[in-house]
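Enquirer: One structure, pasted below without further comment.
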Amino acid sequence: MKNLTTATKSVEQKEKLAKRCKYAKKAVLTVFTMATMCCLLTTTAFAASGSVDSSSFISTACTVLKSVIILIGAGVGVWGVVNLLEGYGNDNPGAKSQGMKQLMSGLGMILLAVTLVPVLQNMMNGAM
């Protein structure tokens, strides 16, 4: 009989915990939604109060995008070199293959950032 009451209490505690989790999820979603709306409204208010220089924003955004893509590509490339060296050191063909793929994808991302981002910048400036 004692075991049955313990199991019942355990089920009740799990149900209470599940309800609390639901309330917590709703609270987090509400706070996140309200914060997002506040950010959007303040952005709109600041943009409406003064003149916005879109060409400066586009060039800055493209520079940041290019830098981020190059950094990610370099990180993937370095990770590929480490896997490639590990594969040669342990005579592991799987690690060699994975390292070569990572190295090539990292170099491809760098090449993509160098060639594609300036084209996108020219397209956006041309649309203005």
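Ordering of the structure tokens sets the chain letters (A, B, ...), residue numbers begin anew at 1 in every chain, and ligands are numbered from 1 in the order given.
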Using only C-alpha atoms, which protein or nucleic acid residues come within 12 Å of Gly94 (chain A)? Drop anything in the same chain fewer than 5 positions from it, and give the result as an MDAnalysis selection string.

Expert: chainID A and resid 83:88 99:101

Enquirer: May I have the selected residues written with N, CA, C and O atoms, as a short mmCIF file (atom, residue, chain, number, x, y, z; two decimals), in the first residue's frame?

Expert:
data_model
loop_
_atom_site.label_atom_id
_atom_site.label_comp_id
_atom_site.auth_asym_id
_atom_site.auth_seq_id
_atom_site.Cartn_x
_atom_site.Cartn_y
_atom_site.Cartn_z
N ASN A 83 42.15 17.33 -39.42
CA ASN A 83 41.67 15.97 -39.70
C ASN A 83 42.53 15.28 -40.74
O ASN A 83 42.78 14.07 -40.66
N LEU A 84 43.00 16.03 -41.73
CA LEU A 84 43.85 15.46 -42.77
C LEU A 84 45.18 14.97 -42.17
O LEU A 84 45.62 13.85 -42.46
N LEU A 85 45.79 15.79 -41.34
CA LEU A 85 47.04 15.39 -40.70
C LEU A 85 46.84 14.22 -39.75
O LEU A 85 47.69 13.32 -39.65
N GLU A 86 45.71 14.22 -39.05
CA GLU A 86 45.40 13.10 -38.17
C GLU A 86 45.22 11.81 -38.98
O GLU A 86 45.65 10.74 -38.57
N GLY A 87 44.59 11.92 -40.12
CA GLY A 87 44.40 10.75 -40.98
C GLY A 87 45.70 10.21 -41.51
O GLY A 87 45.90 8.99 -41.59
N TYR A 88 46.62 11.11 -41.90
CA TYR A 88 47.92 10.64 -42.37
C TYR A 88 48.75 10.06 -41.23
O TYR A 88 49.50 9.12 -41.42
N GLY A 99 38.93 15.09 -43.86
CA GLY A 99 39.78 16.27 -43.80
C GLY A 99 39.87 16.98 -45.13
O GLY A 99 39.81 18.22 -45.20
N MET A 100 39.99 16.22 -46.21
CA MET A 100 40.07 16.82 -47.54
C MET A 100 38.75 17.51 -47.90
O MET A 100 38.75 18.60 -48.47
N LYS A 101 37.64 16.88 -47.55
CA LYS A 101 36.34 17.49 -47.83
C LYS A 101 36.17 18.80 -47.05
O LYS A 101 35.69 19.80 -47.59
#

Enquirer: Just checking: using only C-alpha atoms, which residue out of A:Met128, A:Val117, A:Val76, A:Met123 ends up closest to Leu103 (chain A)?

Expert: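 Between A:Met128, A:Val117, A:Val76, A:Met123, the residue approaching Leu103 (chain A) most closely is A:Val76.
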
Enquirer: Would you kindly return, as a list in words, each protein, DNA or RNA residue with an atom no farther than 10 Å from any atom of Gly75 (chain A), considering only C-alpha atoms and excluding same-chain residues fewer than 5 positions away?

Expert: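 Here the answer would be Ile69, Ile70, Gly80, Val81, Gln102, Leu103, Gly106 and Leu107 of chain A.
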
Enquirer: Any idea what the distance is between CA of Lys14 (chain A) and CA of Ala27 (chain A)?

Expert: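 According to the coordinates, CA of Lys14 (chain A) and CA of Ala27 (chain A) are separated by 19.7 Å.
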
Enquirer: Kindly give the distance, in Å, that separates CA of Gln121 (chain A) and CA of Ile58 (chain A), rounded to a single decimal.

Expert: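 Interatomic distance, CA of Gln121 (chain A) to CA of Ile58 (chain A): 6.9 Å.
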
Enquirer: Could you give me, as a PyMOL selection string, the residues within 12 Å of Leu112 (chain A), counting only C-alpha atoms and dropping anything in the same chain fewer than 6 positions from it?

Expert: chain A and resi 65-70+72-73+104-106+118-120
